[in-house]
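**Q** protein20.cif (mmCIF, C-alpha atoms) pasted underneath:
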data_run
loop_
_atom_site.label_atom_id
_atom_site.label_comp_id
_atom_site.auth_asym_id
_atom_site.auth_seq_id
_atom_site.Cartn_x
_atom_site.Cartn_y
_atom_site.Cartn_z
CA MET A 1249 -12.60 -4.58 22.40
CA SER A 1250 -12.04 -0.90 23.06
CA THR A 1251 -11.57 -1.44 26.82
CA GLN A 1252 -10.08 -4.94 26.79
CA LYS A 1253 -6.56 -6.24 26.63
CA VAL A 1254 -5.40 -7.36 23.20
CA LYS A 1255 -5.58 -11.13 22.77
CA MET A 1256 -2.50 -12.26 20.85
CA VAL A 1257 -4.26 -15.37 19.60
CA GLN A 1258 -6.59 -13.05 17.69
CA ILE A 1259 -4.18 -10.29 16.78
CA LEU A 1260 -1.47 -12.49 15.21
CA PRO A 1261 -3.53 -13.97 12.34
CA VAL A 1262 -4.90 -10.47 11.66
CA PHE A 1263 -1.31 -9.22 11.52
CA MET A 1264 -0.57 -12.05 9.08
CA SER A 1265 -3.10 -10.52 6.70
CA PHE A 1266 -0.97 -7.37 6.59
CA ILE A 1267 1.92 -9.51 5.37
CA VAL A 1268 -0.30 -10.65 2.51
CA MET A 1269 -1.36 -7.03 2.01
CA GLY A 1270 2.29 -6.12 1.43
CA PHE A 1271 2.50 -8.44 -1.58
CA VAL A 1272 0.84 -5.80 -3.78
CA ASP A 1273 4.04 -3.74 -3.66
CA ILE A 1274 5.78 -6.35 -5.81
CA VAL A 1275 4.24 -4.42 -8.73
CA GLY A 1276 7.09 -1.90 -8.43
CA VAL A 1277 10.03 -4.20 -9.05
CA SER A 1278 7.90 -6.31 -11.43
CA ALA A 1279 7.33 -3.27 -13.64
CA GLY A 1280 11.11 -2.98 -14.15
CA TYR A 1281 11.66 -6.67 -14.90
CA VAL A 1282 8.63 -6.99 -17.19
CA GLN A 1283 9.61 -3.79 -19.01
CA LYS A 1284 13.05 -5.28 -19.64
CA ASP A 1285 11.73 -8.75 -20.58
CA PHE A 1286 9.26 -7.42 -23.16
CA ASN A 1287 11.04 -4.18 -24.15
CA LEU A 1288 8.16 -1.94 -23.08
CA SER A 1289 8.02 1.86 -23.01
CA ASP A 1290 7.87 3.70 -19.66
CA SER A 1291 4.17 4.48 -20.06
CA LEU A 1292 3.23 0.91 -21.11
CA ALA A 1293 5.19 -0.59 -18.21
CA GLN A 1294 3.07 1.46 -15.80
CA LEU A 1295 0.03 -0.58 -16.89
CA ILE A 1296 1.23 -3.14 -14.32
CA PRO A 1297 0.51 -1.03 -11.22
CA SER A 1298 -2.63 0.28 -12.93
CA MET A 1299 -3.97 -3.26 -13.42
CA ALA A 1300 -3.43 -3.95 -9.73
CA PHE A 1301 -4.76 -0.70 -8.28
CA VAL A 1302 -7.77 0.12 -10.47
CA TRP A 1303 -9.74 -2.50 -8.49
CA PHE A 1304 -9.52 -0.41 -5.36
CA PHE A 1305 -11.77 2.14 -7.07
CA LEU A 1306 -14.22 -0.44 -8.44
CA LEU A 1307 -14.56 -2.87 -5.53
CA SER A 1308 -13.81 -1.11 -2.25
CA VAL A 1309 -17.25 0.28 -1.47
CA PRO A 1310 -19.08 -2.96 -2.44
CA VAL A 1311 -16.66 -4.93 -0.24
CA GLY A 1312 -17.20 -2.46 2.62
CA ILE A 1313 -20.94 -3.07 2.36
CA MET A 1314 -20.38 -6.85 2.36
CA LEU A 1315 -18.54 -6.64 5.70
CA ASP A 1316 -21.80 -5.96 7.53
CA LYS A 1317 -23.56 -8.84 5.80
CA TYR A 1318 -20.95 -11.61 5.77
CA GLY A 1319 -18.47 -10.59 8.47
CA LYS A 1320 -14.95 -9.16 8.29
CA LYS A 1321 -13.13 -12.45 8.89
CA THR A 1322 -14.92 -14.28 6.06
CA ILE A 1323 -14.36 -11.47 3.56
CA LEU A 1324 -10.71 -11.14 4.61
CA ASN A 1325 -10.10 -14.83 3.94
CA ILE A 1326 -11.66 -14.52 0.48
CA GLY A 1327 -9.31 -11.65 -0.28
CA MET A 1328 -6.20 -13.52 0.84
CA ALA A 1329 -7.24 -16.56 -1.21
CA ALA A 1330 -7.67 -14.38 -4.32
CA THR A 1331 -4.23 -12.87 -3.69
CA GLY A 1332 -2.71 -16.35 -3.48
CA LEU A 1333 -4.40 -17.33 -6.73
CA GLY A 1334 -3.01 -14.25 -8.47
CA MET A 1335 0.49 -15.03 -7.23
CA ALA A 1336 0.14 -18.61 -8.48
CA VAL A 1337 -0.55 -17.49 -12.08
CA PRO A 1338 3.09 -16.55 -12.95
CA MET A 1339 4.12 -20.01 -11.76
CA LEU A 1340 2.65 -21.31 -15.04
CA SER A 1341 5.73 -19.86 -16.76
CA LEU A 1342 7.87 -22.24 -14.69
CA ILE A 1343 6.19 -25.11 -16.54
CA SER A 1344 7.00 -23.67 -19.96
CA SER A 1345 8.81 -20.45 -20.88
CA SER A 1346 6.37 -20.01 -23.78
CA LEU A 1347 3.63 -19.32 -21.22
CA TYR A 1348 5.49 -16.24 -19.98
CA THR A 1349 3.69 -13.42 -21.78
CA PHE A 1350 2.79 -9.82 -20.99
CA PRO A 1351 -0.96 -10.64 -20.91
CA LEU A 1352 -0.26 -13.46 -18.41
CA MET A 1353 1.46 -11.01 -16.08
CA LEU A 1354 -1.41 -8.54 -16.43
CA VAL A 1355 -3.84 -11.32 -15.40
CA ALA A 1356 -1.67 -12.07 -12.36
CA PHE A 1357 -1.72 -8.44 -11.26
CA ILE A 1358 -5.45 -8.10 -11.91
CA LEU A 1359 -6.06 -11.00 -9.49
CA LEU A 1360 -3.54 -9.54 -7.06
CA GLY A 1361 -5.36 -6.20 -7.21
CA ILE A 1362 -8.78 -7.78 -6.62
CA GLY A 1363 -7.50 -9.84 -3.69
CA ASN A 1364 -5.56 -6.98 -2.17
CA THR A 1365 -8.56 -4.66 -2.41
CA ILE A 1366 -10.64 -7.12 -0.40
CA VAL A 1367 -7.82 -7.61 2.12
CA GLN A 1368 -7.31 -3.89 2.70
CA VAL A 1369 -11.02 -3.12 3.10
CA SER A 1370 -11.58 -5.94 5.61
CA ALA A 1371 -8.26 -6.13 7.52
CA ASN A 1372 -8.32 -2.59 8.90
CA PRO A 1373 -11.84 -2.84 10.43
CA LEU A 1374 -11.00 -6.30 11.83
CA LEU A 1375 -7.89 -4.79 13.40
CA HIS A 1376 -10.15 -2.12 14.89
CA ASP A 1377 -12.18 -4.90 16.55
CA VAL A 1378 -9.20 -6.54 18.28
CA THR A 1379 -7.31 -3.44 19.49
CA PRO A 1380 -8.11 -0.80 22.14
CA LEU A 1381 -9.53 2.37 20.58
CA ASP A 1382 -6.88 4.64 22.12
CA LYS A 1383 -4.12 2.43 20.65
CA TYR A 1384 -5.59 2.13 17.14
CA SER A 1385 -3.24 4.73 15.53
CA SER A 1386 -0.25 2.96 17.08
CA PHE A 1387 -1.41 -0.49 15.95
CA MET A 1388 -2.15 0.85 12.45
CA SER A 1389 1.46 2.03 12.21
CA LEU A 1390 2.68 -1.31 13.57
CA THR A 1391 0.74 -3.27 10.93
CA GLN A 1392 2.06 -0.94 8.26
CA PHE A 1393 5.54 -1.66 9.67
CA VAL A 1394 4.88 -5.36 9.10
CA LYS A 1395 3.67 -4.56 5.58
CA ALA A 1396 6.80 -2.48 4.94
CA ILE A 1397 9.06 -5.41 5.87
CA VAL A 1398 7.36 -7.48 3.18
CA SER A 1399 7.56 -4.62 0.68
CA MET A 1400 11.28 -4.18 1.39
CA LEU A 1401 12.00 -7.90 0.99
CA GLY A 1402 10.16 -8.18 -2.35
CA PRO A 1403 12.85 -6.56 -4.54
CA ILE A 1404 15.57 -8.42 -2.61
CA ILE A 1405 13.88 -11.80 -3.12
CA ALA A 1406 13.29 -11.01 -6.81
CA ALA A 1407 16.91 -9.93 -7.31
CA PHE A 1408 18.17 -13.06 -5.50
CA ALA A 1409 15.89 -15.30 -7.58
CA ALA A 1410 17.11 -13.61 -10.77
CA SER A 1411 20.84 -13.72 -9.98
CA LYS A 1412 21.15 -16.98 -8.04
CA LEU A 1413 18.21 -19.10 -9.22
CA GLY A 1414 17.91 -17.80 -12.77
CA ASP A 1415 14.28 -16.62 -12.66
CA TRP A 1416 13.01 -13.51 -10.82
CA LYS A 1417 9.43 -14.85 -11.02
CA LEU A 1418 10.16 -17.41 -8.28
CA VAL A 1419 9.24 -14.62 -5.83
CA PHE A 1420 5.61 -15.32 -6.72
CA THR A 1421 5.89 -18.91 -5.47
CA VAL A 1422 6.86 -17.62 -2.01
CA TYR A 1423 3.95 -15.17 -2.06
CA ALA A 1424 1.38 -17.75 -3.18
CA VAL A 1425 2.31 -20.26 -0.46
CA THR A 1426 2.31 -17.57 2.25
CA SER A 1427 -1.12 -16.30 1.16
CA PHE A 1428 -2.73 -19.71 1.44
CA LEU A 1429 -1.09 -20.36 4.84
CA ALA A 1430 -2.57 -17.06 6.08
CA VAL A 1431 -6.02 -18.18 4.94
CA PHE A 1432 -5.81 -21.43 6.92
CA TRP A 1433 -4.52 -19.67 10.07
CA LEU A 1434 -7.26 -17.03 10.16
CA TYR A 1435 -9.93 -19.62 9.29
CA ALA A 1436 -8.87 -21.72 12.30
CA THR A 1437 -8.89 -18.73 14.68
CA LYS A 1438 -11.97 -17.53 16.57
CA VAL A 1439 -12.16 -13.73 16.26
CA ASP A 1440 -14.59 -11.56 18.23
CA GLU A 1441 -16.09 -9.12 15.73
CA THR A 1442 -17.73 -5.97 17.10
CA LYS A 1443 -21.43 -5.75 16.28
CA ILE A 1444 -22.75 -2.18 16.03
CA ASP A 1445 -26.47 -1.53 16.49
CA LYS A 1446 -27.12 0.35 13.28
CA LYS A 1447 -28.56 -0.23 9.84
CA PRO A 1448 -26.25 -2.22 7.53
CA ALA A 1449 -24.05 -0.14 5.28
CA THR A 1450 -25.36 0.74 1.81
CA PHE A 1451 -23.95 2.53 -1.22
CA SER A 1452 -25.97 5.58 -0.20
CA SER A 1453 -24.72 5.58 3.42
CA CYS A 1454 -21.11 5.24 2.22
CA PHE A 1455 -21.14 8.04 -0.31
CA LYS A 1456 -23.16 10.38 1.92
CA LEU A 1457 -20.13 10.42 4.21
CA LEU A 1458 -18.31 12.38 1.50
CA GLY A 1459 -20.59 15.28 2.42
CA ASN A 1460 -18.50 15.62 5.56
CA PRO A 1461 -15.59 17.96 4.63
CA LEU A 1462 -13.09 16.09 6.83
CA VAL A 1463 -14.00 12.70 5.32
CA LEU A 1464 -13.80 14.09 1.78
CA LEU A 1465 -10.41 15.72 2.37
CA MET A 1466 -9.02 12.58 3.98
CA VAL A 1467 -10.33 10.25 1.27
CA LEU A 1468 -8.61 12.41 -1.35
CA GLY A 1469 -5.56 12.39 0.93
CA ILE A 1470 -5.47 8.58 0.81
CA PHE A 1471 -5.84 8.73 -3.00
CA LEU A 1472 -2.75 10.94 -3.30
CA THR A 1473 -0.78 9.19 -0.53
CA VAL A 1474 -1.11 5.76 -2.11
CA GLY A 1475 -0.62 7.16 -5.61
CA SER A 1476 2.63 8.79 -4.51
CA ASP A 1477 3.77 5.64 -2.71
CA VAL A 1478 3.11 3.35 -5.67
CA GLY A 1479 4.58 5.95 -8.02
CA MET A 1480 7.77 6.03 -5.96
CA ASN A 1481 7.85 2.24 -5.79
CA SER A 1482 7.52 1.80 -9.54
CA ASN A 1483 9.67 4.78 -10.60
CA ILE A 1484 12.67 4.61 -8.24
CA ALA A 1485 14.54 2.20 -10.54
CA ASN A 1486 13.76 4.39 -13.54
CA TYR A 1487 14.88 7.52 -11.63
CA LEU A 1488 18.20 5.95 -10.64
CA GLN A 1489 18.82 4.51 -14.11
CA LYS A 1490 18.13 7.73 -16.00
CA ASN A 1491 19.77 10.15 -13.58
CA PHE A 1492 22.84 8.14 -12.59
CA GLN A 1493 23.20 5.49 -15.34
CA LEU A 1494 22.86 2.53 -12.95
CA SER A 1495 22.04 -0.99 -14.17
CA LEU A 1496 18.48 -2.30 -13.71
CA GLU A 1497 19.62 -4.74 -11.02
CA GLU A 1498 21.45 -2.06 -9.02
CA ALA A 1499 18.68 0.47 -9.51
CA SER A 1500 16.03 -2.07 -8.42
CA VAL A 1501 17.84 -2.62 -5.13
CA GLY A 1502 17.35 1.12 -4.62
CA ILE A 1503 13.65 0.32 -4.12
CA SER A 1504 14.64 -1.53 -0.95
CA PHE A 1505 16.14 1.72 0.43
CA TYR A 1506 12.65 3.19 0.18
CA PHE A 1507 10.94 0.23 1.81
CA ALA A 1508 13.60 0.00 4.52
CA ALA A 1509 12.77 3.61 5.37
CA LEU A 1510 9.06 2.79 5.41
CA MET A 1511 9.78 -0.05 7.82
CA VAL A 1512 11.81 2.17 10.16
CA SER A 1513 9.24 4.96 9.90
CA ARG A 1514 6.30 2.74 10.78
CA PHE A 1515 8.10 1.11 13.70
CA LEU A 1516 8.96 4.54 15.08
CA GLY A 1517 5.40 5.67 14.39
CA ALA A 1518 3.98 2.74 16.35
CA VAL A 1519 6.11 3.83 19.33
CA LEU A 1520 5.82 7.62 19.04
CA LEU A 1521 2.05 7.64 18.53
CA ASN A 1522 1.70 6.36 22.09
CA PHE A 1523 3.00 9.78 23.17
CA PHE A 1524 2.15 12.22 20.35
CA LYS A 1525 -1.20 13.18 18.85
CA PRO A 1526 -1.83 11.96 15.28
CA LYS A 1527 -2.72 15.32 13.70
CA PRO A 1528 0.50 17.29 14.42
CA PHE A 1529 2.46 14.11 13.65
CA LEU A 1530 0.81 14.03 10.21
CA ILE A 1531 1.84 17.62 9.51
CA LEU A 1532 5.47 17.12 10.56
CA THR A 1533 5.97 13.91 8.59
CA THR A 1534 4.44 15.46 5.46
CA LEU A 1535 6.89 18.38 5.67
CA LEU A 1536 9.81 15.93 5.91
CA THR A 1537 8.53 14.07 2.83
CA ILE A 1538 8.30 17.25 0.77
CA MET A 1539 11.88 18.22 1.67
CA ALA A 1540 13.11 14.72 0.73
CA PHE A 1541 11.44 14.85 -2.69
CA VAL A 1542 13.04 18.24 -3.38
CA GLY A 1543 16.37 16.66 -2.41
CA MET A 1544 15.84 13.88 -4.98
CA ILE A 1545 15.45 16.45 -7.73
CA LEU A 1546 18.63 18.28 -6.71
CA ALA A 1547 20.75 15.18 -5.88
CA PRO A 1548 24.15 15.34 -7.68
CA THR A 1549 25.24 11.73 -7.00
CA PRO A 1550 23.62 8.28 -6.65
CA LEU A 1551 24.46 8.25 -2.92
CA ILE A 1552 22.68 11.56 -2.26
CA GLY A 1553 19.77 10.36 -4.38
CA LYS A 1554 19.46 7.16 -2.33
CA ILE A 1555 19.69 9.11 0.94
CA CYS A 1556 16.84 11.34 -0.22
CA ILE A 1557 14.85 8.25 -1.26
CA PHE A 1558 15.36 6.91 2.27
CA LEU A 1559 14.25 10.21 3.82
CA ALA A 1560 11.17 10.25 1.58
CA GLY A 1561 10.19 6.82 2.89
CA LEU A 1562 10.95 7.91 6.45
CA GLY A 1563 8.59 10.86 6.11
CA SER A 1564 5.79 9.18 4.17
CA GLY A 1565 5.71 5.85 6.02
CA ASN A 1566 2.95 6.83 8.45
CA LEU A 1567 0.77 8.97 6.17
CA PHE A 1568 -1.70 6.18 5.35
CA PRO A 1569 -2.26 4.94 8.94
CA LEU A 1570 -2.42 8.51 10.26
CA ILE A 1571 -5.03 9.65 7.75
CA PHE A 1572 -7.03 6.44 8.19
CA SER A 1573 -6.99 6.47 12.00
CA ILE A 1574 -7.73 10.21 12.30
CA THR A 1575 -10.88 9.71 10.21
CA VAL A 1576 -12.03 6.47 11.88
CA ASN A 1577 -11.49 7.85 15.38
CA LYS A 1578 -13.70 10.80 14.44
CA MET A 1579 -16.56 8.46 13.42
CA PRO A 1580 -15.83 4.97 14.88
CA GLU A 1581 -19.43 3.82 14.40
CA ARG A 1582 -19.00 4.18 10.61
CA VAL A 1583 -15.74 2.21 10.39
CA ASN A 1584 -16.94 -0.20 7.67
CA GLU A 1585 -18.18 2.57 5.38
CA ILE A 1586 -15.11 4.73 6.00
CA SER A 1587 -12.88 1.73 5.28
CA GLY A 1588 -14.68 1.18 1.97
CA LEU A 1589 -14.21 4.82 0.95
CA MET A 1590 -10.60 4.95 2.12
CA ILE A 1591 -9.60 1.78 0.30
CA MET A 1592 -11.51 2.93 -2.80
CA ALA A 1593 -9.11 5.88 -2.70
CA VAL A 1594 -6.19 3.43 -2.88
CA SER A 1595 -7.03 3.49 -6.60
CA GLY A 1596 -4.70 6.49 -6.64
CA GLY A 1597 -2.09 3.80 -7.19
CA ALA A 1598 -3.60 3.28 -10.66
CA VAL A 1599 -3.58 7.00 -11.57
CA ILE A 1600 -0.43 8.65 -10.23
CA PRO A 1601 2.19 6.12 -11.55
CA PRO A 1602 1.07 6.39 -15.23
CA LEU A 1603 1.07 10.18 -14.85
CA MET A 1604 4.62 9.98 -13.47
CA GLY A 1605 5.58 7.63 -16.32
CA VAL A 1606 4.34 10.09 -18.97
CA VAL A 1607 6.11 13.01 -17.27
CA SER A 1608 9.34 10.99 -16.97
CA GLN A 1609 9.19 9.84 -20.59
CA ASN A 1610 8.68 13.38 -21.91
CA MET A 1611 10.57 15.56 -19.43
CA GLY A 1612 13.29 13.37 -17.85
CA GLY A 1613 13.79 11.11 -14.85
CA SER A 1614 13.58 13.77 -12.12
CA ALA A 1615 10.56 15.61 -13.54
CA SER A 1616 8.16 12.92 -12.30
CA ILE A 1617 9.09 13.84 -8.70
CA PHE A 1618 7.19 17.14 -9.11
CA VAL A 1619 4.01 15.07 -9.35
CA VAL A 1620 4.49 13.56 -5.89
CA ILE A 1621 5.51 16.92 -4.44
CA GLY A 1622 2.13 18.26 -5.54
CA CYS A 1623 0.43 15.32 -3.82
CA MET A 1624 2.29 16.00 -0.57
CA VAL A 1625 1.36 19.71 -0.60
CA TYR A 1626 -2.30 18.70 -0.70
CA ILE A 1627 -1.83 16.23 2.18
CA LEU A 1628 -0.17 18.99 4.22
CA PHE A 1629 -3.25 21.15 3.64
CA ALA A 1630 -5.55 18.28 4.68
CA GLY A 1631 -3.51 17.75 7.86
CA LEU A 1632 -3.75 21.44 8.75
CA TYR A 1633 -7.52 21.36 8.19
CA ALA A 1634 -7.90 18.22 10.35
CA ARG A 1635 -5.98 19.90 13.17
CA LYS A 1636 -8.11 23.04 12.89
CA THR A 1637 -11.34 21.03 13.15
CA ALA A 1638 -10.22 19.03 16.21
#
Would you mind writing the file's structure down as structure tokens?

**A**
Amino acid sequence: MSTQKVKMVQILPVFMSFIVMGFVDIVGVSAGYVQKDFNLSDSLAQLIPSMAFVWFFLLSVPVGIMLDKYGKKTILNIGMAATGLGMAVPMLSLISSSLYTFPLMLVAFILLGIGNTIVQVSANPLLHDVTPLDKYSSFMSLTQFVKAIVSMLGPIIAAFAASKLGDWKLVFTVYAVTSFLAVFWLYATKVDETKIDKKPATFSSCFKLLGNPLVLLMVLGIFLTVGSDVGMNSNIANYLQKNFQLSLEEASVGISFYFAALMVSRFLGAVLLNFFKPKPFLILTTLLTIMAFVGMILAPTPLIGKICIFLAGLGSGNLFPLIFSITVNKMPERVNEISGLMIMAVSGGAVIPPLMGVVSQNMGGSASIFVVIGCMVYILFAGLYARKTA
């Protein structure tokens, strides 16, 4: 559809899949509540995001290969159904409180991770099919804006369910129902998938792309971008509690500052990328993110800390869609394989948060921010390289 007008009847159910994609960010606020419920250490609590994000490393490339064989729409629906199933698991604890166990929650997040991996690998290429090529960066930011709204609402819904309804886990009921509705909507919609005249993707064809320096740098960039994002998501409450002695409930709402900034950032990105080139935009937003993280370390009060958290989200909100679109637009005929590699790199969400948890546990609440600063310095280098090789 690179030269055709976007058909809203096709684009809307695809956008709905990005709402489901945003459900994975519930791991951040869940880590705080589960840690409190079961009296877990910082490092053990970070098993929750690890259980969700390790599947991006294991399944992304196989799912990318399956797109050629079974079609993006079919695979996307399977992913959303798996996500809904994962979100239904914690509902067992509503039947009996004795069913609420740490292993049960790990199972829920394993299923969420599997489903979300499939959704992320298949949704981005399907979006590529239903949007004009020259608008793909803008639409990527717009879908990430939609995802950010969901991510921002997650902690708010959980806090409301905990304070007003008596059980924070009711947020999973909302997520499960929404996931299954998204499956039915996309299933009932006819979507025109682009067919490219080339050999189907294989493991070999996917990993050979890493021989391209730009692809390799950008895949590692996604690894660190997502790792930093998940690390921020799951450590903001801990940062605010340890540095400013806030309660868990008040500190958890601080996560919504971050996701509100992501939402604003991605909306602005969707608009601005119609006028600015992606590569210099990537460099500028990375610089803003680095400055915000330094501000978090130096913040003397909770208000300044929250402002810096907001600025960090404002800067980092478009990193994923920028890196993804820059790479895909360089090699659009390899979109399925690139998507598999890029989403495999989302497994950074399983690596960076535990590292931040260990650093925080041993060196203090602010020390973990140095980890994400290091990630951003690498992304700045990757952005400068991408601009040089234009």

**Q** Of the residues A:Lys1417, A:Lys1527, A:Lys1554, A:Lys1255, which is the one nearest to Leu1375 in chain A, using all atoms listed in the file?

**A**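 Smallest separation from Leu1375 in chain A among the options: A:Lys1255.
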
**Q** Give me, please, the distance in Å between CA of Leu1390 in chain A and CA of Cys1556 in chain A, quoted to one decimal.

**A** 23.5 Å

**Q** Which residue is closest to Ile1267 in chain A? Choose from A:Ile1600, A:Ala1424, A:Leu1536, A:Leu1521 and count all atoms listed in the file.

**A**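 With all atoms listed in the file as the atom set, the closest residue is A:Ala1424.
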
**Q** What are the closest atom pairs, with distances in Å to one decimal, for all residues of range 1371-1425 of chain A lying within 12 Å of range 1327-1335 of chain A? Consider all atoms listed in the file, order rows by chain and residue number, and present the result as CSV.

**A**
residue,atom,partner,partner_atom,distance
A:Ala1371,CA,A:Gly1327,CA,9.6
A:Lys1417,CA,A:Met1335,CA,9.7
A:Leu1418,CA,A:Met1335,CA,10.0
A:Val1419,CA,A:Met1335,CA,8.9
A:Phe1420,CA,A:Met1335,CA,5.2
A:Thr1421,CA,A:Met1335,CA,6.9
A:Val1422,CA,A:Met1335,CA,8.6
A:Tyr1423,CA,A:Met1335,CA,6.2
A:Ala1424,CA,A:Gly1332,CA,4.3
A:Val1425,CA,A:Gly1332,CA,7.0

**Q** Quick one: distance from CA of Thr1379 in chain A to CA of Ile1259 in chain A in Å, one decimal?

**A** 8.0 Å

**Q** Would you pick out the contacts of range 1290-1295 of chain A at 9 Å or less, using all atoms listed in the file, so that residues sharing its chain but fewer than 6 positions from it are not included, and give the list as a list in words?

**A**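 The contact residues come out as Ala1279, Gly1280, Val1282, Gln1283, Leu1354, Ser1482, Asn1486, Ala1598, Pro1601, Pro1602, Leu1603, Met1604, Gly1605, Val1606, Ser1608 and Gln1609 of chain A.
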
**Q** Between CA of Val1262 in chain A and CA of Phe1428 in chain A, what is the spacing in Å?

**A** 13.9 Å

**Q** Taking the file above as input, evaluate the PyMOL selection byres ((chain A and resi 1304) around 10) and report the hits as a VMD selection string.

**A** chain A and resid 1300 to 1303 1305 to 1309 1311 1361 to 1366 1368 to 1369 1588 to 1598

**Q** Might I get the box with edges along x, y and z of the file that holds all atoms of range 1422-1429 of chain A listed there, padded by 5 Å on every side, given as centre and edge lengths in Å to one decimal, as AutoDock Vina command-line options?

**A**
--center_x 2.1 --center_y -17.8 --center_z 0.8 --size_x 19.6 --size_y 15.2 --size_z 18.0

**Q** Using only C-alpha atoms, tabulate the residues of range 1354-1433 of chain A lying at most 7 Å from any atom of range 1506-1511 of chain A, each with its closest atom pair and that distance in Å to one decimal, by chain and increasing residue number, as a Markdown table.

**A**
| residue | atom | partner | partner_atom | distance |
| --- | --- | --- | --- | --- |
| A:Phe1393 | CA | A:Met1511 | CA | 4.9 |
| A:Ala1396 | CA | A:Met1511 | CA | 4.8 |
| A:Ile1397 | CA | A:Met1511 | CA | 5.7 |
| A:Ser1399 | CA | A:Phe1507 | CA | 6.0 |
| A:Met1400 | CA | A:Phe1507 | CA | 4.4 |

**Q** So that I can check the surroundings of range 1487-1502 of chain A, please list as a PyMOL selection string every protein, DNA and RNA residue that reaches within 12 Å of it, counting only C-alpha atoms and ignoring chain neighbours fewer than 6 positions away.

**A** chain A and resi 1274+1276-1285+1290+1399-1411+1416+1479-1481+1508-1509+1544-1558+1561+1604-1605+1607-1609+1611-1617

**Q** Taking all atoms listed in the file into account, name the residue in A:Phe1357, A:Phe1471, A:Phe1524, A:Tyr1633 that is nearest to Leu1567 in chain A.

**A**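 Closest residue, counting all atoms listed in the file: A:Phe1471.
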
**Q** Once the PyMOL selection byres ((chain A and resi 1387-1389) around 7) has been applied to the shown file, what residues remain in the selection, as an MDAnalysis selection string?

**A** chainID A and resid 1383:1386 1390:1393 1514:1515 1517:1518 1566 1569

**Q** So that I can check the surroundings of Leu1260 in chain A, please list as a PyMOL selection string every protein, DNA and RNA residue that reaches within 12 Å of it, counting all atoms listed in the file and ignoring chain neighbours fewer than 6 positions away.

**A** chain A and resi 1254+1266-1267+1374-1375+1378-1379+1391+1394+1430+1433-1434+1437-1439

**Q** Please write the residues picked by the PyMOL selection byres ((chain A and resi 1572) around 9) on this file as a list of chain:residue names.

**A**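 Applying the expression gives A:Ser1385, A:Met1388, A:Met1466, A:Val1467, A:Ile1470, A:Leu1567, A:Phe1568, A:Pro1569, A:Leu1570, A:Ile1571, A:Ser1573, A:Ile1574, A:Thr1575, A:Val1576, A:Asn1577, A:Ile1586, A:Ser1587, A:Met1590.
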
**Q** For the residues selected in the previous step, produce a file with C-alpha atoms as an mmCIF file, in the coordinates of the input.

**A**
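Result file follows (out_20.cif):
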data_model
loop_
_atom_site.group_PDB
_atom_site.id
_atom_site.type_symbol
_atom_site.label_atom_id
_atom_site.label_comp_id
_atom_site.auth_asym_id
_atom_site.auth_seq_id
_atom_site.Cartn_x
_atom_site.Cartn_y
_atom_site.Cartn_z
ATOM 1 C CA SER A 1385 -3.240 4.730 15.530
ATOM 2 C CA MET A 1388 -2.150 0.850 12.450
ATOM 3 C CA MET A 1466 -9.020 12.580 3.980
ATOM 4 C CA VAL A 1467 -10.330 10.250 1.270
ATOM 5 C CA ILE A 1470 -5.470 8.580 0.810
ATOM 6 C CA LEU A 1567 0.770 8.970 6.170
ATOM 7 C CA PHE A 1568 -1.700 6.180 5.350
ATOM 8 C CA PRO A 1569 -2.260 4.940 8.940
ATOM 9 C CA LEU A 1570 -2.420 8.510 10.260
ATOM 10 C CA ILE A 1571 -5.030 9.650 7.750
ATOM 11 C CA SER A 1573 -6.990 6.470 12.000
ATOM 12 C CA ILE A 1574 -7.730 10.210 12.300
ATOM 13 C CA THR A 1575 -10.880 9.710 10.210
ATOM 14 C CA VAL A 1576 -12.030 6.470 11.880
ATOM 15 C CA ASN A 1577 -11.490 7.850 15.380
ATOM 16 C CA ILE A 1586 -15.110 4.730 6.000
ATOM 17 C CA SER A 1587 -12.880 1.730 5.280
ATOM 18 C CA MET A 1590 -10.600 4.950 2.120
#

**Q** With distances taken over only C-alpha atoms, which of A:Leu1516, A:Met1624, A:Leu1347, A:Val1367 is nearest to Gly1270 in chain A?

**A**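 Nearest to Gly1270 in chain A: A:Val1367.
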
**Q** Which residues are near Pro1528 in chain A? Cut-off 9 Å, only C-alpha atoms, ignore same chain within fewer than 5 positions. Put them as a VMD selection string.

**A** chain A and resid 1533 1631 to 1632 1635

**Q** Could you check which residues have any atom within 9 Å of (-20.2, 1.2, 5.7), counting only C-alpha atoms with coordinates taken straight from the file, and then list them as JSON, numbers by chain?

**A** {"A": [1309, 1312, 1313, 1314, 1315, 1316, 1448, 1449, 1450, 1451, 1453, 1454, 1582, 1583, 1584, 1585, 1586, 1587, 1588, 1589]}

**Q** Let's have the selection written as a tab-separated table (two decimals), keeping the file's coordinate frame, with C-alpha atoms.

**A**
chain	number	residue	atom	x	y	z
A	1309	VAL	CA	-17.25	0.28	-1.47
A	1312	GLY	CA	-17.20	-2.46	2.62
A	1313	ILE	CA	-20.94	-3.07	2.36
A	1314	MET	CA	-20.38	-6.85	2.36
A	1315	LEU	CA	-18.54	-6.64	5.70
A	1316	ASP	CA	-21.80	-5.96	7.53
A	1448	PRO	CA	-26.25	-2.22	7.53
A	1449	ALA	CA	-24.05	-0.14	5.28
A	1450	THR	CA	-25.36	0.74	1.81
A	1451	PHE	CA	-23.95	2.53	-1.22
A	1453	SER	CA	-24.72	5.58	3.42
A	1454	CYS	CA	-21.11	5.24	2.22
A	1582	ARG	CA	-19.00	4.18	10.61
A	1583	VAL	CA	-15.74	2.21	10.39
A	1584	ASN	CA	-16.94	-0.20	7.67
A	1585	GLU	CA	-18.18	2.57	5.38
A	1586	ILE	CA	-15.11	4.73	6.00
A	1587	SER	CA	-12.88	1.73	5.28
A	1588	GLY	CA	-14.68	1.18	1.97
A	1589	LEU	CA	-14.21	4.82	0.95
